[in-house]
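This report concerns only the one structure given below.
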Amino acid sequence: MAAGTQCKQYPPTLLSFFIYNPKFGPKEGEEEKKILFYYPNEQEKNEKIRNVGLCEAIVQFTRTFCPTKPAKSLHTQKNRQFFHEPEENFWMVMVVRNPMIEKQSKDGKPVAEYQEDEILDTVYNAVLQQCYSMYKLFNGTFLKAIEMGGAEILKQRLEKFFFRYLQTLHLQHCDLLDVFGGISFFPLDKMTYLKIQSFINQMEESLGLVKYTAFLYNDQLIWSGLEQEDMRTLYKYLTTSLFPRHSESELSGRDPPVRMPISGSLQHYGRFLTGPLNPHDPEAKCRFPKIFVNTNNAYEELNLIVYKAMTAVVCFMTDASIELTKEFCCELDRLVGPQLTMLASDICEQYNISRRIAGPEKEPQFKFIYFNHMNLAEKSTIHMRKTPSLSLTSIAPDLLKILGDINSDFARVDDDEEIIVKAMSDFWVVGKKSDQRELYVILNQKNANLIEVNDEVKKLCATQFSNIFFLD
Amino acid sequence: MEAGSSLSHKSEETEAQGDTVCTEVKEHDAEATNPEDGIREAVTEEAQNDECEGSVCSTEEEVVPDEEKDASSDKELSDSASTDNTLEDSSEFSGRPLVVCEKKELCSPFGADLVSSHREEDVTAESWRMHRKHVFVLSEAGKPIYSRYGNEEALSSTMGVMMALVSFVQSGNNIIHSIYSDDHKVVFLQRGPLVLVSVSRTLQSEIQLHSELLYVYYQIISMLTQASVARIFERKKNYDLRRLLTGSEKILDNLLNLIDSDPSFLLGAVQCLPLSSSLRESLSQILQKATTSNLVFSILIAKNQLVTIVQERTVIDDTRLDPVDLHLLLNLIRASSAFQAGEVWTPICLPRFNPNGYFYAYISYLDPDCTVCLLLLSTDREAFYSISDCKKKIEESMATHNSIQAISSALQSQSYSISLLGVPDLRHFMYKPLDIPENHKQLTQLTSPEVEAPYCSEEEKVRLFDLYRYLHSRIHSTTRPLRLIYHVAEKETLLAWEQLLLLWLMV
């Protein structure tokens with residue numbers, strides 16, 4: 001770069017997002033009917049039709065070579081399009097502008113240099129699939145909507161959901177963790193775990209309407225009665241949307257963290273995160289968000305009750321066809337509030353004890369990411385803070401992308417494998433795949449050789465992941 | 001490319017060619033001046049000459065025109081494009097190879113069989129879809145030019161779709177690069193008026209597929225030159241380029257097969273026949289001594305492997321032959337069995353060296369079994385006789401030194417065995433040095449041992465090659481290159497670093 005050249009870096013951004021079904025407008029002149037949702041809406045109608053037409057053509061073209069596995073992404077110089085068919089004939093397309101660098105050329109005109117290889121397909125394909133999962137959690141399947149009210153109902157729902165959801169997509173912060181879509185589990189000793197189990201059983205029995213329960217502490221999952229795929233999406237919603245929203249309002253003082261107790265009842269810190277803020281308020285409305293689970297078989301619509309005490313959160317899910325009355329909410333508050341409060345402080349205490357035993361808190365020795373495909377458990381010591389709008393990692397973004405490359409390599413075969421690479425920056429990156437579990441470690445040891453690196457990783461596995469990785 | 005067609009409309013064509021070649025020269029003055037001077041001279045001579053090219057060298061002239069009439073009528077019949085192309089053809093292009101046969105037989109340089117078996121393949125069948133890698137070449141107007149599998153005419157609607165995709169993206173001020181699906185990558189490359197598409201199941205990276213398409217493009221250019229192609233399509237957007245490429249499908253087929261099995265393409269290097277240095281030295285000297293004006297490259301090839309190459313320094317300054325050009329030359333010779341008869345004098349373009357001009361290649365096998373081939377490249381169109389004399393000198397020297405026998409025995413042993421290295425459990429490797437000092441002006445070379453057990457079956461050989469491609473794409477990635485890769489997989493452990501790709505078996 002010449003001295004004095006200004007370089008402006010542009011991260012990847014969302015250019016457009018649309019959902020279409022080619023069966024809805026198969027005839028000439030009817031193309032507009034195919035489009036069920038389109039962002040940005042301001043785009044000219046013919047432009048929208050052309051873009052949808054391009055996607056159809058690409059999918060058709062790739063079907064020439066493999067009818068069952070059509071296109072997943074289109075790479076062009078300036079942008080990348082991702083295709084996903086979540087339900088038969090319903091297509092979702094996300095168009096992302098490639099990251100680019102704008103340099104000032106000699107004659108003052110800005111010259112754009114596109115860096116398309118900085119975008120990993122696996123990451124954004126996963127993000128697109130997540131978009132569907134999240135929509136489905138709150139709205140049910142596309143097909144059901146069509147059955148219930150035709151294309152109009154579906155369009156309304158899509159508009160309502162995606163208009164807001166797309167604003168929460170921060171594509172520049174997406175990385176390997178989005179590929180995993182994992183759940184962070186809270187480490188517990190057996191006793192406390194049993195306490196929580198019995199609490200849940202008790203509550204479910206007392207509050208007869210409850211079909212499913214989930215228990216979280218500190219934004220981490222402890223127990224869930226939901227099917228794994230549904231829990232995964234619900235977990236993402238809770239930790240990236242609901243909880244942050246509430247902690248924000250707490251911090252800003254809008255919602256007092258402690259309510260005045262009703263006379264006679266035990267003081268407790270429990271409160272509703274969904275539903276009525278104060279169920280004892282006569283004006284309170286007991287409306288809960290609806291979620292749709294088990295869409296492949298039972299297709300259940302449920303009320304989502306999220307109740308929190310300190311950092312413990314319990315989710316109760318009841319059949320949506322049964323309206324939840326104010327009485328029910330008060331009863332829940334009365335029953336759950338005190339017990340949950342106690343449980344929360346118990347957990348806190350136990351956790352502190354076990355940490356004291358383990359040793360003084362220090363910087364985690366190894367930078368790693370761990371994911372278990374079987375229970376979706378994930379753990380990262382690389383991400384210091386990850387929310388949709390912020391991603392603080394303790395390693396260079398390039399290294400994260402190398403992790404993404406290794407993950408793609410692992411995905412190609414079912415066998416257990418190990419890949420060690422040395423990046424140009426002299427960092428060592430190690431990936432281990434064993435029996436549905438993946439572990440990625442980053443070592444900053446420039447002068448180490450392959451054997452030394454191998455030994456270091458073995459040490460890590462022995463201490464933190466004993467009995468898991470047998471690869472030798 | 002048909003042998004006869006160039007001879008059909010003599011004067012029109014030669015004059016026109018004179019025009020066209022002159023303009024080529026003007027456009028690229030920046031290139032090394034000498035070869036183009038040579039071409040320019042040759043051309044002005046030719047424009048004055050009413051004789052056809054064939055008469056310059058062949059005593060079988062009488063035979064050729066008969067055949068040529070048949071050939072051109074064949075061409076009319078086989079032409080599925082509009083017939084008003086013929087006039088353009090004739091005025092546009094000659095450059096057909098001229099074959100001088102010792103026996104009185106017509107040798108069509110690119111094979112008499114214009115349709116090979118897999119051109120008959122049914123493009124709607126599952127088996128067609130299942131090919132590991134399809135390659136398509138079409139023009140900007142969507143006209144089919146080449147398909148690796150199946151008849152390109154039967155694929156014209158598919159090619160139309162491909163072109164539509166390219167145009168659509170282009171209209172948005174953008175360039176289409178590729179389409180990814182679970183199993184396939186579709187890679188697009190546009191160069192001038194030609195669009196090349198690869199549809200591959202091979203797990204290669206996009207960059208690797210892209211560079212393979214570039215090879216196909218260059219091979220086409222080696223037969224036609226870039227300027228010609230540009231001009232042809234400028235004049236007539238929906239020109240059917242197959243008219244100029246008939247018979248050369250097997251050259252492209254062969255190139256693609258080589259690319260899928262020969263590491264020299266992957267590594268951008270040349271694999272030399274292992275020879276004792278004294279033998280190579282003596283052969284180089286023999287070549288060096290047999291020279292004539294405007295002879296630029298003298299190349300000796302044994303069974304498709306390079307033996308030695310001598311470059312005339314006074315003619316070419318500061319440039320060395322690019323491995324890509326050499327690969328294209330080797331492929332051309334390998335793919336055309338007709339070169340095995342007699343002496344061939346043919347124009348050829350070296351795309352990396354100068355994509356718009358021709359060299360004139362003298363090709364002759366030195367032994368009756370056609371294992372040792374001599375290739376002499378000159379910038380002088382008229383130099384056939386003096387070049388032929390060089391060959392005779394070379395032949396004589398080699399006879400005195402018993403070189404042919406020495407080369408033959410070297411060919412017996414093929415490459416070396418991996419056990420020579422004495423590294424236990426090492427199964428195979430590829431090595432290409434990266435630190436060649438610029439001033440040595442050597443061709444980048446690679447070395448690799450024999451492929452032995454357990455990679456005996458075709459399937460295993462393909463898998464082995466796939467592993468190398470994977471290693472190469474990661475180590476030499478343009479955005480995230482790596483210093484080292486160590487990959488423990490189910491059947492092997494792989495180790496790669498910048499210069500060395502290794503494979504060894506975990507016991």
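Labels for the structure tokens follow display order: chains A, B, ..., residues from 1 in each chain, ligands from 1.
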#### Entry: Contact residues around Ile58 (chain A) with only C-alpha atoms at 9 Å, ignoring same-chain residues under 4 positions, as a ChimeraX atom specification
/A:53-54,62-63,70-71,74 /B:161,165,179
Could you give me, as a tab-separated table, every chain B residue with an atom at most 6 Å from chain A, plus its closest atom pair and distance in Å to one decimal, counting only C-alpha atoms, rows ordered by chain then number?
residue	atom	partner	partner_atom	distance
B:Arg129	CA	A:Phe65	CA	5.1
B:Ile175	CA	A:Gln77	CA	5.3
B:Ile176	CA	A:Thr76	CA	4.4
B:His177	CA	A:Thr76	CA	4.9
B:Ser178	CA	A:His75	CA	5.0
B:Ile179	CA	A:Leu74	CA	4.5
B:Tyr180	CA	A:Ser73	CA	5.2
B:Ser181	CA	A:Ala71	CA	4.3
B:Leu482	CA	A:Ala423	CA	4.7
B:Arg483	CA	A:Lys422	CA	5.3
B:Leu484	CA	A:Lys422	CA	5.0
B:Ile485	CA	A:Val421	CA	4.4
B:Tyr486	CA	A:Ile420	CA	4.9
B:His487	CA	A:Ile419	CA	4.3
B:Val488	CA	A:Glu418	CA	5.0
B:Ala489	CA	A:Glu417	CA	5.0
### Message
What's around region 299-310 of chain B at 6 Å? Count only C-alpha atoms, leave out sequence neighbours fewer than 4 positions away in its own chain, and write the answer as a list in words.
### Response
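Those residues are Cys272, Leu273, Thr371, Val372, Cys373, Leu374 and Leu375 of chain B.
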### Task
Could you check how far CA of His173 (chain A) sits from CA of Cys131 (chain A), in Å to one decimal?
15.4 Å
### Separation of CA of Ala496 (chain B) from CA of His210 (chain B), in Å and rounded to one decimal
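Result for CA of Ala496 (chain B) versus CA of His210 (chain B): 22.3 Å, one decimal.
Ranking A:Gly275, A:Gly404, A:Pro86, A:Pro289 by their shortest atom-to-atom distance to Leu143 (chain A), with only C-alpha atoms included, puts A:Pro86 first.
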With DSSP run on the backbone, what are the strand (DSSP E) residues within region 296-483 of chain B? I'd like them as a compact mmCIF listing (two decimals) with all heavy atoms, in the first residue's frame.
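Wrote it out as part.txt, contents follow:
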# COMPACT_ATOMS: atom_id res chain seq x y z
N VAL B 296 13.90 -20.95 -31.82
CA VAL B 296 13.85 -20.38 -30.48
C VAL B 296 13.94 -21.44 -29.39
O VAL B 296 14.64 -21.27 -28.41
CB VAL B 296 12.54 -19.57 -30.32
CG1 VAL B 296 12.40 -19.06 -28.91
CG2 VAL B 296 12.52 -18.43 -31.31
N PHE B 297 13.18 -22.50 -29.55
CA PHE B 297 13.18 -23.56 -28.53
C PHE B 297 13.47 -24.90 -29.20
O PHE B 297 12.91 -25.20 -30.25
CB PHE B 297 11.82 -23.70 -27.84
CG PHE B 297 11.43 -22.53 -26.99
CD1 PHE B 297 10.45 -21.66 -27.41
CD2 PHE B 297 12.05 -22.32 -25.76
CE1 PHE B 297 10.08 -20.58 -26.63
CE2 PHE B 297 11.68 -21.24 -24.97
CZ PHE B 297 10.70 -20.37 -25.41
N SER B 298 14.31 -25.68 -28.56
CA SER B 298 14.51 -27.07 -28.99
C SER B 298 14.15 -27.93 -27.82
O SER B 298 14.72 -27.78 -26.73
CB SER B 298 15.98 -27.30 -29.39
OG SER B 298 16.36 -26.39 -30.38
N ILE B 299 13.21 -28.83 -28.03
CA ILE B 299 12.69 -29.62 -26.91
C ILE B 299 12.74 -31.09 -27.26
O ILE B 299 12.32 -31.49 -28.34
CB ILE B 299 11.22 -29.21 -26.62
CG1 ILE B 299 11.11 -27.70 -26.39
CG2 ILE B 299 10.67 -29.98 -25.42
CD1 ILE B 299 9.70 -27.19 -26.28
N LEU B 300 13.27 -31.86 -26.33
CA LEU B 300 13.31 -33.30 -26.53
C LEU B 300 12.39 -33.96 -25.51
O LEU B 300 12.49 -33.70 -24.31
CB LEU B 300 14.75 -33.80 -26.36
CG LEU B 300 15.06 -35.18 -26.91
CD1 LEU B 300 14.85 -35.22 -28.43
CD2 LEU B 300 16.51 -35.56 -26.61
N ILE B 301 11.49 -34.79 -26.00
CA ILE B 301 10.50 -35.42 -25.12
C ILE B 301 10.57 -36.93 -25.27
O ILE B 301 10.70 -37.43 -26.39
CB ILE B 301 9.08 -34.96 -25.52
CG1 ILE B 301 8.98 -33.44 -25.46
CG2 ILE B 301 8.03 -35.58 -24.62
CD1 ILE B 301 7.81 -32.88 -26.20
N ALA B 302 10.52 -37.63 -24.16
CA ALA B 302 10.48 -39.08 -24.25
C ALA B 302 9.25 -39.58 -23.51
O ALA B 302 9.10 -39.36 -22.32
CB ALA B 302 11.74 -39.67 -23.62
N GLN B 305 7.37 -37.23 -21.26
CA GLN B 305 8.10 -36.55 -20.19
C GLN B 305 9.22 -35.73 -20.80
O GLN B 305 9.82 -36.12 -21.79
CB GLN B 305 8.69 -37.57 -19.21
CG GLN B 305 7.66 -38.18 -18.32
CD GLN B 305 8.29 -39.21 -17.41
OE1 GLN B 305 8.71 -40.27 -17.86
NE2 GLN B 305 8.41 -38.89 -16.15
N LEU B 306 9.52 -34.63 -20.18
CA LEU B 306 10.54 -33.75 -20.71
C LEU B 306 11.92 -34.35 -20.49
O LEU B 306 12.25 -34.79 -19.39
CB LEU B 306 10.45 -32.39 -20.01
CG LEU B 306 11.40 -31.32 -20.51
CD1 LEU B 306 11.05 -30.95 -21.95
CD2 LEU B 306 11.32 -30.09 -19.62
N VAL B 307 12.74 -34.37 -21.54
CA VAL B 307 14.12 -34.81 -21.39
C VAL B 307 15.01 -33.59 -21.22
O VAL B 307 15.74 -33.46 -20.26
CB VAL B 307 14.57 -35.65 -22.61
CG1 VAL B 307 16.05 -35.94 -22.53
CG2 VAL B 307 13.77 -36.93 -22.69
N THR B 308 14.92 -32.70 -22.20
CA THR B 308 15.66 -31.45 -22.04
C THR B 308 15.06 -30.39 -22.93
O THR B 308 14.38 -30.68 -23.92
CB THR B 308 17.16 -31.65 -22.37
OG1 THR B 308 17.83 -30.40 -22.15
CG2 THR B 308 17.34 -32.04 -23.83
N ILE B 309 15.30 -29.15 -22.55
CA ILE B 309 14.81 -28.04 -23.37
C ILE B 309 15.91 -27.00 -23.48
O ILE B 309 16.57 -26.66 -22.51
CB ILE B 309 13.51 -27.47 -22.78
CG1 ILE B 309 13.06 -26.23 -23.56
CG2 ILE B 309 13.67 -27.11 -21.33
CD1 ILE B 309 11.67 -25.80 -23.20
N VAL B 310 16.11 -26.55 -24.70
CA VAL B 310 17.16 -25.57 -24.94
C VAL B 310 16.52 -24.32 -25.53
O VAL B 310 15.69 -24.39 -26.43
CB VAL B 310 18.21 -26.15 -25.92
CG1 VAL B 310 19.14 -25.06 -26.40
CG2 VAL B 310 18.99 -27.25 -25.24
N GLN B 311 16.90 -23.20 -24.97
CA GLN B 311 16.26 -21.95 -25.37
C GLN B 311 17.29 -21.04 -25.99
O GLN B 311 18.36 -20.84 -25.45
CB GLN B 311 15.66 -21.34 -24.11
CG GLN B 311 14.95 -20.04 -24.29
CD GLN B 311 14.27 -19.64 -22.99
OE1 GLN B 311 13.58 -20.42 -22.37
NE2 GLN B 311 14.47 -18.41 -22.59
N GLU B 343 7.29 -35.88 -40.69
CA GLU B 343 7.64 -34.62 -40.06
C GLU B 343 6.44 -33.70 -40.16
O GLU B 343 5.83 -33.57 -41.20
CB GLU B 343 8.82 -33.97 -40.79
CG GLU B 343 10.04 -34.86 -40.94
CD GLU B 343 10.98 -34.28 -41.99
OE1 GLU B 343 10.81 -34.57 -43.17
OE2 GLU B 343 11.90 -33.53 -41.58
N VAL B 344 6.15 -33.04 -39.06
CA VAL B 344 5.00 -32.13 -39.07
C VAL B 344 5.49 -30.71 -38.89
O VAL B 344 6.39 -30.43 -38.10
CB VAL B 344 4.03 -32.48 -37.92
CG1 VAL B 344 2.90 -31.47 -37.83
CG2 VAL B 344 3.48 -33.88 -38.11
N TRP B 345 4.91 -29.81 -39.65
CA TRP B 345 5.26 -28.39 -39.55
C TRP B 345 3.95 -27.66 -39.30
O TRP B 345 3.08 -27.61 -40.16
CB TRP B 345 5.90 -27.96 -40.86
CG TRP B 345 6.33 -26.53 -40.97
CD1 TRP B 345 5.89 -25.62 -41.87
CD2 TRP B 345 7.31 -25.85 -40.18
NE1 TRP B 345 6.52 -24.41 -41.72
CE2 TRP B 345 7.40 -24.52 -40.67
CE3 TRP B 345 8.12 -26.21 -39.10
CZ2 TRP B 345 8.27 -23.58 -40.12
CZ3 TRP B 345 8.98 -25.27 -38.57
CH2 TRP B 345 9.04 -23.97 -39.07
N THR B 346 3.76 -27.13 -38.12
CA THR B 346 2.45 -26.58 -37.82
C THR B 346 2.55 -25.29 -37.01
O THR B 346 3.43 -25.14 -36.16
CB THR B 346 1.59 -27.61 -37.04
OG1 THR B 346 0.34 -27.01 -36.71
CG2 THR B 346 2.26 -28.07 -35.76
N PRO B 347 1.67 -24.36 -37.26
CA PRO B 347 1.69 -23.16 -36.45
C PRO B 347 1.10 -23.48 -35.08
O PRO B 347 0.15 -24.26 -34.97
CB PRO B 347 0.77 -22.18 -37.19
CG PRO B 347 -0.02 -23.00 -38.12
CD PRO B 347 0.60 -24.33 -38.28
N ILE B 348 1.70 -22.92 -34.06
CA ILE B 348 1.17 -23.12 -32.73
C ILE B 348 1.38 -21.86 -31.91
O ILE B 348 2.39 -21.18 -32.06
CB ILE B 348 1.82 -24.34 -32.04
CG1 ILE B 348 1.08 -24.63 -30.74
CG2 ILE B 348 3.30 -24.11 -31.76
CD1 ILE B 348 1.26 -26.03 -30.26
N PHE B 359 4.07 -19.43 -33.15
CA PHE B 359 5.36 -20.03 -33.42
C PHE B 359 5.10 -21.08 -34.50
O PHE B 359 3.97 -21.45 -34.76
CB PHE B 359 5.89 -20.75 -32.16
CG PHE B 359 6.53 -19.83 -31.18
CD1 PHE B 359 5.80 -19.32 -30.11
CD2 PHE B 359 7.85 -19.48 -31.31
CE1 PHE B 359 6.39 -18.47 -29.20
CE2 PHE B 359 8.45 -18.62 -30.40
CZ PHE B 359 7.72 -18.13 -29.34
N TYR B 360 6.16 -21.54 -35.09
CA TYR B 360 6.00 -22.63 -36.05
C TYR B 360 6.74 -23.83 -35.48
O TYR B 360 7.93 -23.74 -35.17
CB TYR B 360 6.49 -22.21 -37.44
CG TYR B 360 5.58 -21.12 -37.93
CD1 TYR B 360 5.87 -19.78 -37.67
CD2 TYR B 360 4.39 -21.43 -38.57
CE1 TYR B 360 4.99 -18.79 -38.04
CE2 TYR B 360 3.51 -20.44 -38.95
CZ TYR B 360 3.82 -19.11 -38.68
OH TYR B 360 2.94 -18.14 -39.04
N ALA B 361 6.00 -24.90 -35.29
CA ALA B 361 6.55 -26.06 -34.59
C ALA B 361 6.88 -27.16 -35.57
O ALA B 361 6.03 -27.57 -36.38
CB ALA B 361 5.56 -26.56 -33.56
N TYR B 362 8.12 -27.62 -35.44
CA TYR B 362 8.53 -28.80 -36.19
C TYR B 362 8.47 -29.96 -35.23
O TYR B 362 9.07 -29.93 -34.16
CB TYR B 362 9.96 -28.57 -36.70
CG TYR B 362 10.56 -29.79 -37.35
CD1 TYR B 362 10.48 -29.95 -38.73
CD2 TYR B 362 11.19 -30.78 -36.60
CE1 TYR B 362 11.02 -31.06 -39.34
CE2 TYR B 362 11.73 -31.90 -37.21
CZ TYR B 362 11.63 -32.03 -38.58
OH TYR B 362 12.16 -33.13 -39.18
N ILE B 363 7.71 -30.98 -35.60
CA ILE B 363 7.53 -32.13 -34.70
C ILE B 363 7.91 -33.39 -35.44
O ILE B 363 7.39 -33.67 -36.53
CB ILE B 363 6.07 -32.24 -34.24
CG1 ILE B 363 5.60 -30.91 -33.61
CG2 ILE B 363 5.90 -33.39 -33.26
CD1 ILE B 363 4.11 -30.83 -33.39
N SER B 364 8.82 -34.15 -34.81
CA SER B 364 9.20 -35.40 -35.46
C SER B 364 9.65 -36.41 -34.42
O SER B 364 10.39 -36.08 -33.49
CB SER B 364 10.31 -35.12 -36.46
OG SER B 364 10.83 -36.34 -36.93
N TYR B 365 9.21 -37.63 -34.57
CA TYR B 365 9.66 -38.68 -33.68
C TYR B 365 10.98 -39.22 -34.19
O TYR B 365 11.20 -39.35 -35.40
CB TYR B 365 8.63 -39.81 -33.58
CG TYR B 365 7.48 -39.45 -32.66
CD1 TYR B 365 6.38 -38.75 -33.15
CD2 TYR B 365 7.53 -39.77 -31.31
CE1 TYR B 365 5.35 -38.39 -32.30
CE2 TYR B 365 6.50 -39.42 -30.47
CZ TYR B 365 5.41 -38.72 -30.97
OH TYR B 365 4.39 -38.37 -30.13
N VAL B 372 10.51 -41.21 -28.59
CA VAL B 372 11.30 -39.99 -28.42
C VAL B 372 10.88 -38.98 -29.47
O VAL B 372 10.91 -39.27 -30.67
CB VAL B 372 12.81 -40.28 -28.56
CG1 VAL B 372 13.60 -39.00 -28.33
CG2 VAL B 372 13.23 -41.36 -27.58
N CYS B 373 10.50 -37.81 -29.01
CA CYS B 373 9.97 -36.81 -29.93
C CYS B 373 10.81 -35.55 -29.87
O CYS B 373 11.17 -35.07 -28.79
CB CYS B 373 8.52 -36.50 -29.55
SG CYS B 373 7.76 -35.31 -30.64
N LEU B 374 11.09 -35.00 -31.03
CA LEU B 374 11.84 -33.76 -31.11
C LEU B 374 10.90 -32.64 -31.52
O LEU B 374 10.12 -32.78 -32.47
CB LEU B 374 12.96 -33.90 -32.15
CG LEU B 374 13.82 -32.65 -32.37
CD1 LEU B 374 14.62 -32.33 -31.11
CD2 LEU B 374 14.76 -32.84 -33.56
N LEU B 375 10.98 -31.56 -30.79
CA LEU B 375 10.09 -30.43 -31.05
C LEU B 375 10.96 -29.18 -31.21
O LEU B 375 11.71 -28.82 -30.31
CB LEU B 375 9.15 -30.29 -29.84
CG LEU B 375 8.11 -29.21 -29.81
CD1 LEU B 375 7.18 -29.31 -30.97
CD2 LEU B 375 7.33 -29.32 -28.51
N LEU B 376 10.89 -28.57 -32.37
CA LEU B 376 11.69 -27.38 -32.60
C LEU B 376 10.75 -26.22 -32.93
O LEU B 376 9.94 -26.31 -33.85
CB LEU B 376 12.66 -27.61 -33.80
CG LEU B 376 13.62 -28.79 -33.60
CD1 LEU B 376 14.32 -29.13 -34.92
CD2 LEU B 376 14.65 -28.47 -32.54
N LEU B 377 10.87 -25.14 -32.17
CA LEU B 377 9.96 -24.01 -32.38
C LEU B 377 10.69 -22.84 -33.01
O LEU B 377 11.72 -22.37 -32.49
CB LEU B 377 9.37 -23.55 -31.03
CG LEU B 377 8.45 -24.56 -30.35
CD1 LEU B 377 7.95 -23.98 -29.04
CD2 LEU B 377 7.28 -24.90 -31.22
N SER B 378 10.11 -22.37 -34.09
CA SER B 378 10.75 -21.27 -34.80
C SER B 378 9.76 -20.15 -35.02
O SER B 378 8.54 -20.35 -35.02
CB SER B 378 11.25 -21.77 -36.16
OG SER B 378 11.55 -20.69 -37.01
N LEU B 426 6.47 -44.14 4.87
CA LEU B 426 6.17 -43.11 3.90
C LEU B 426 5.63 -43.78 2.65
O LEU B 426 6.28 -44.66 2.10
CB LEU B 426 7.42 -42.29 3.59
CG LEU B 426 7.22 -41.10 2.64
CD1 LEU B 426 6.30 -40.07 3.27
CD2 LEU B 426 8.56 -40.46 2.32
N ARG B 427 4.44 -43.36 2.21
CA ARG B 427 3.83 -44.05 1.07
C ARG B 427 4.03 -43.31 -0.24
O ARG B 427 4.16 -43.90 -1.29
CB ARG B 427 2.32 -44.22 1.32
CG ARG B 427 1.98 -45.29 2.32
CD ARG B 427 2.28 -46.66 1.78
NE ARG B 427 2.17 -47.69 2.79
CZ ARG B 427 3.20 -48.19 3.48
NH1 ARG B 427 4.41 -47.74 3.27
NH2 ARG B 427 3.00 -49.12 4.38
N HIS B 428 4.00 -41.99 -0.18
CA HIS B 428 4.11 -41.23 -1.43
C HIS B 428 4.34 -39.77 -1.11
O HIS B 428 4.01 -39.30 -0.01
CB HIS B 428 2.83 -41.38 -2.26
CG HIS B 428 3.02 -41.02 -3.70
ND1 HIS B 428 2.68 -39.79 -4.22
CD2 HIS B 428 3.53 -41.73 -4.73
CE1 HIS B 428 2.97 -39.77 -5.50
NE2 HIS B 428 3.49 -40.93 -5.85
N PHE B 429 4.92 -39.05 -2.04
CA PHE B 429 5.04 -37.62 -1.83
C PHE B 429 5.13 -36.90 -3.17
O PHE B 429 5.32 -37.52 -4.23
CB PHE B 429 6.26 -37.27 -0.98
CG PHE B 429 7.58 -37.48 -1.69
CD1 PHE B 429 8.14 -36.47 -2.46
CD2 PHE B 429 8.24 -38.69 -1.59
CE1 PHE B 429 9.34 -36.67 -3.12
CE2 PHE B 429 9.44 -38.89 -2.25
CZ PHE B 429 9.99 -37.88 -3.02
N MET B 430 4.98 -35.58 -3.10
CA MET B 430 5.25 -34.72 -4.27
C MET B 430 6.08 -33.57 -3.77
O MET B 430 5.78 -32.99 -2.72
CB MET B 430 3.94 -34.15 -4.80
CG MET B 430 3.08 -35.12 -5.53
SD MET B 430 1.65 -34.24 -6.16
CE MET B 430 0.68 -35.61 -6.74
N TYR B 431 7.11 -33.24 -4.51
CA TYR B 431 7.98 -32.16 -4.07
C TYR B 431 8.23 -31.18 -5.20
O TYR B 431 8.55 -31.55 -6.32
CB TYR B 431 9.31 -32.73 -3.58
CG TYR B 431 10.33 -31.67 -3.22
CD1 TYR B 431 10.19 -30.92 -2.05
CD2 TYR B 431 11.41 -31.40 -4.04
CE1 TYR B 431 11.11 -29.94 -1.72
CE2 TYR B 431 12.33 -30.42 -3.72
CZ TYR B 431 12.18 -29.70 -2.55
OH TYR B 431 13.09 -28.73 -2.23
N GLN B 445 10.39 -27.44 -11.59
CA GLN B 445 10.23 -28.88 -11.74
C GLN B 445 9.61 -29.50 -10.51
O GLN B 445 9.66 -28.94 -9.43
CB GLN B 445 11.60 -29.52 -11.97
CG GLN B 445 12.22 -29.13 -13.28
CD GLN B 445 13.55 -29.79 -13.46
OE1 GLN B 445 13.69 -30.98 -13.20
NE2 GLN B 445 14.53 -29.03 -13.89
N LEU B 446 9.05 -30.66 -10.71
CA LEU B 446 8.53 -31.40 -9.56
C LEU B 446 9.09 -32.81 -9.62
O LEU B 446 9.48 -33.29 -10.67
CB LEU B 446 7.00 -31.43 -9.57
CG LEU B 446 6.32 -32.41 -10.51
CD1 LEU B 446 5.89 -33.68 -9.77
CD2 LEU B 446 5.12 -31.78 -11.13
N LEU B 482 -1.39 -21.60 4.60
CA LEU B 482 -0.89 -22.16 5.84
C LEU B 482 0.56 -22.52 5.68
O LEU B 482 1.04 -22.80 4.57
CB LEU B 482 -1.70 -23.42 6.20
CG LEU B 482 -3.20 -23.20 6.39
CD1 LEU B 482 -3.93 -24.54 6.46
CD2 LEU B 482 -3.45 -22.40 7.66
N ARG B 483 1.27 -22.55 6.81
CA ARG B 483 2.66 -22.98 6.73
C ARG B 483 2.77 -24.49 6.72
O ARG B 483 3.66 -25.06 6.10
CB ARG B 483 3.43 -22.46 7.96
CG ARG B 483 3.72 -20.99 7.89
CD ARG B 483 4.90 -20.67 8.80
NE ARG B 483 4.95 -19.26 9.08
CZ ARG B 483 5.39 -18.34 8.22
NH1 ARG B 483 5.83 -18.70 7.05
NH2 ARG B 483 5.39 -17.07 8.56
### Query
Can you list, as a list in words, every protein, DNA or RNA residue that comes within 9 Å of Tyr146 (chain B) when you count only C-alpha atoms, leaving out same-chain residues fewer than 2 positions away?
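Counting only C-alpha atoms, the residues come to Val135, Phe136, Val137, Leu138, Pro144, Arg148, Tyr149, Asn151, Glu152, Glu153, Arg242, Glu249 and Leu252 of chain B.
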